[in-house]
Amino acid sequence: MATLATIKQDFYDIVGEPTDSTVYPSSDGGGTYVEALADRVQDTICRENKWWFLKNKYLFATAVDTTLDGDVATTDTTIDLTSASGYPSSGAIWVEEDVINYTGVSSNQLTGVTNIDLAHDDGDKVEIMYSIPSDFSHEPRLILKGAGAKPMRYIQVDSLDDNTESADDHNFDFGGQTHRWSLIRDKNGNEFIRLKNPTASKTAVFHYYKEATTLDDDADETTIPDPFARKILPFFMADLAMKERGDNPDGLADDILLEAERELKKMKNYNMRRQWGKRQKVFNMYRSGNGRIVRQIIIN
């Protein structure tokens with residue numbers, strides 16, 4: 001990956017200004033004009049498309065719902081569960097719409113408990129909240145691989161909603177079992193996936209596209225990989241800067257923009273080839289005689 005320092009130097013070479021330019025000021029970590037411009041241009045480009053370099057996935061295992069093994073007060077720092085099987089070493093739980101955080105698990109006890117807003121009773125239902133990455137940008141997908149009647153069935157849920165109330169849960173059938181999910185944001189801004197009523201452990205994959213990283217220090221690396229970053233970012237930056245600052249001799253910025261758009265088109269074509277090459281392959285199996293499809297085999 002190219003660094004912000006490299007992109008800035010390329011920018012100054014294009015506009016024909018020294019790095020200590022007063023027309024286009026910049027300093028390491030200062031959040032000045034050129035640094036902010038680089039960050040703005042990269043963010044705009046990254047939001048334009050489903051770029052291969054933004055695609056990511058996060059895997060986790062589900063845990064079966066349990067109950068409280070004892071009353072819980074708002075001042076408690078530990079919570080006893082009937083079973084903590086499958087619980088990660090830290091995370092959050094959902095009890096009667098109360099999102100409670102914990103930092104440790106000892107046998108069936110959660111430790112380092114914080115953010116208890118309501119008192120709860122022995123036997124109240126407890127659901128685990130599944131942490132998800134905070135850098136996802138658009139169109140995330142949740143895919144579950146289950147067990148039971150249809151062990152190889154994948155369920156894809158598009159466009160997760162920002163739901164904070166259990167009444168907005170989404171229902172879907174999974175191998176003969178009905179599940180509900182919602183995306184929960186707690187009072188501290190942390191985001192979790194809530195999967196209600198799992199009766200067995202399952203593997204879940206959260207597919208998403210990352211947000212572009214912030215560029216504000218010379219050592220920061222671009223989200224757009226080389227060689228595309230150096231061929232695109234400084235040229236778009238130069239076009240915008242020259243027009244914004246009124247420093248555009250003989251319409252030079254327009255020529256620079258054409259070069260930037262040519263390079264961006266090359267990256268889009270490269271992105272399309274990569275996406276096409278990784279599309280699912282679908283093979284149809286037909287029933288002899290009537291030509292009806294009886295099964296589709298999908299190879300990722």
# chains A, B, ... in the order shown; residues from 1 in each chain; ligands from 1

$ closest_atom_pairs --of "range 43-103 of chain A" --to "range 230-244 of chain A" --cutoff "12 Å" --atoms "only C-alpha atoms" --output "tab-separated table"
residue	atom	partner	partner_atom	distance
A:Asp43	CA	A:Leu233	CA	10.4
A:Thr44	CA	A:Leu233	CA	10.5
A:Ile45	CA	A:Leu233	CA	8.9
A:Cys46	CA	A:Leu233	CA	11.2

$ closest_atom_pairs --of "range 21-92 of chain A" --to "range 252-264 of chain A" --cutoff "12 Å" --atoms "only C-alpha atoms" --output "JSON lines"
{"residue": "A:Val41", "atom": "CA", "partner": "A:Ala260", "partner_atom": "CA", "distance": 11.5}
{"residue": "A:Gln42", "atom": "CA", "partner": "A:Leu264", "partner_atom": "CA", "distance": 11.7}
{"residue": "A:Ile45", "atom": "CA", "partner": "A:Leu264", "partner_atom": "CA", "distance": 8.8}
{"residue": "A:Cys46", "atom": "CA", "partner": "A:Leu264", "partner_atom": "CA", "distance": 11.2}
{"residue": "A:Glu48", "atom": "CA", "partner": "A:Leu264", "partner_atom": "CA", "distance": 10.8}
{"residue": "A:Asn49", "atom": "CA", "partner": "A:Leu264", "partner_atom": "CA", "distance": 11.3}
{"residue": "A:Trp51", "atom": "CA", "partner": "A:Leu264", "partner_atom": "CA", "distance": 11.7}

$ closest_atom_pairs --of "range 44-93 of chain A" --to "range 131-137 of chain A" --cutoff "9 Å" --atoms "only C-alpha atoms" --output "CSV"
residue,atom,partner,partner_atom,distance
A:Arg47,CA,A:Ser137,CA,8.3
A:Asn56,CA,A:Phe136,CA,8.8
A:Tyr58,CA,A:Ile132,CA,7.2
A:Phe60,CA,A:Ser131,CA,8.8
A:Gly91,CA,A:Ser131,CA,6.9
A:Ala92,CA,A:Ser131,CA,7.9

$ residues_around --residues "Trp94 in chain A" --least-positions-apart "4" --cutoff "9 Å" --atoms "only C-alpha atoms" --output "PyMOL selection string"
chain A and resi 98-100+125-129+194

$ write_last_selection --atoms "N, CA and C atoms" --output "compact mmCIF listing (two decimals), in the first residue's frame"
# COMPACT_ATOMS: atom_id res chain seq x y z
N ASP A 98 -32.02 -5.58 27.82
CA ASP A 98 -30.90 -4.93 28.52
C ASP A 98 -29.61 -5.52 27.95
N VAL A 99 -28.79 -4.71 27.27
CA VAL A 99 -27.52 -5.17 26.72
C VAL A 99 -26.45 -5.02 27.79
N ILE A 100 -25.91 -6.14 28.26
CA ILE A 100 -24.96 -6.17 29.39
C ILE A 100 -23.62 -6.67 28.88
N LYS A 125 -34.56 -15.32 30.53
CA LYS A 125 -33.85 -15.79 29.35
C LYS A 125 -32.65 -14.93 29.03
N VAL A 126 -31.56 -15.58 28.65
CA VAL A 126 -30.31 -14.89 28.31
C VAL A 126 -29.93 -15.26 26.88
N GLU A 127 -29.66 -14.26 26.07
CA GLU A 127 -29.19 -14.47 24.70
C GLU A 127 -27.81 -13.84 24.56
N ILE A 128 -26.95 -14.51 23.82
CA ILE A 128 -25.63 -13.95 23.57
C ILE A 128 -25.71 -12.97 22.41
N MET A 129 -24.97 -11.88 22.52
CA MET A 129 -24.88 -10.90 21.44
C MET A 129 -23.57 -11.13 20.70
N ARG A 194 -27.95 -10.00 16.84
CA ARG A 194 -28.74 -10.81 17.75
C ARG A 194 -29.42 -11.91 16.96

$ closest_residue --among "A:Thr78, A:Thr62, A:Ser90, A:Ser85" --to "Ser107 in chain A" --atoms "only C-alpha atoms"
A:Ser85

$ residues_around --residues "Leu118 in chain A" --least-positions-apart "3" --cutoff "9 Å" --atoms "only C-alpha atoms" --output "PyMOL selection string"
chain A and resi 72-74+96+98

$ write_last_selection --atoms "C-alpha atoms" --output "PDB file, in the first residue's frame"
ATOM      1  CA  VAL A  72     -29.138  -9.864  39.070  1.00  0.00           C
ATOM      2  CA  ALA A  73     -28.881  -6.353  40.543  1.00  0.00           C
ATOM      3  CA  THR A  74     -27.710  -3.262  38.672  1.00  0.00           C
ATOM      4  CA  GLU A  96     -35.074  -8.445  28.710  1.00  0.00           C
ATOM      5  CA  ASP A  98     -30.899  -4.935  28.516  1.00  0.00           C
TER       6      ASP A  98
END

$ closest_residue --among "A:Ala212, A:Ile93, A:Ala229, A:Leu54" --to "Leu4 in chain A" --atoms "only C-alpha atoms"
A:Ala229

$ atom_distance --atom1 "CA of Asp247 in chain A" --atom2 "CA of Phe228 in chain A"
25.7 Å
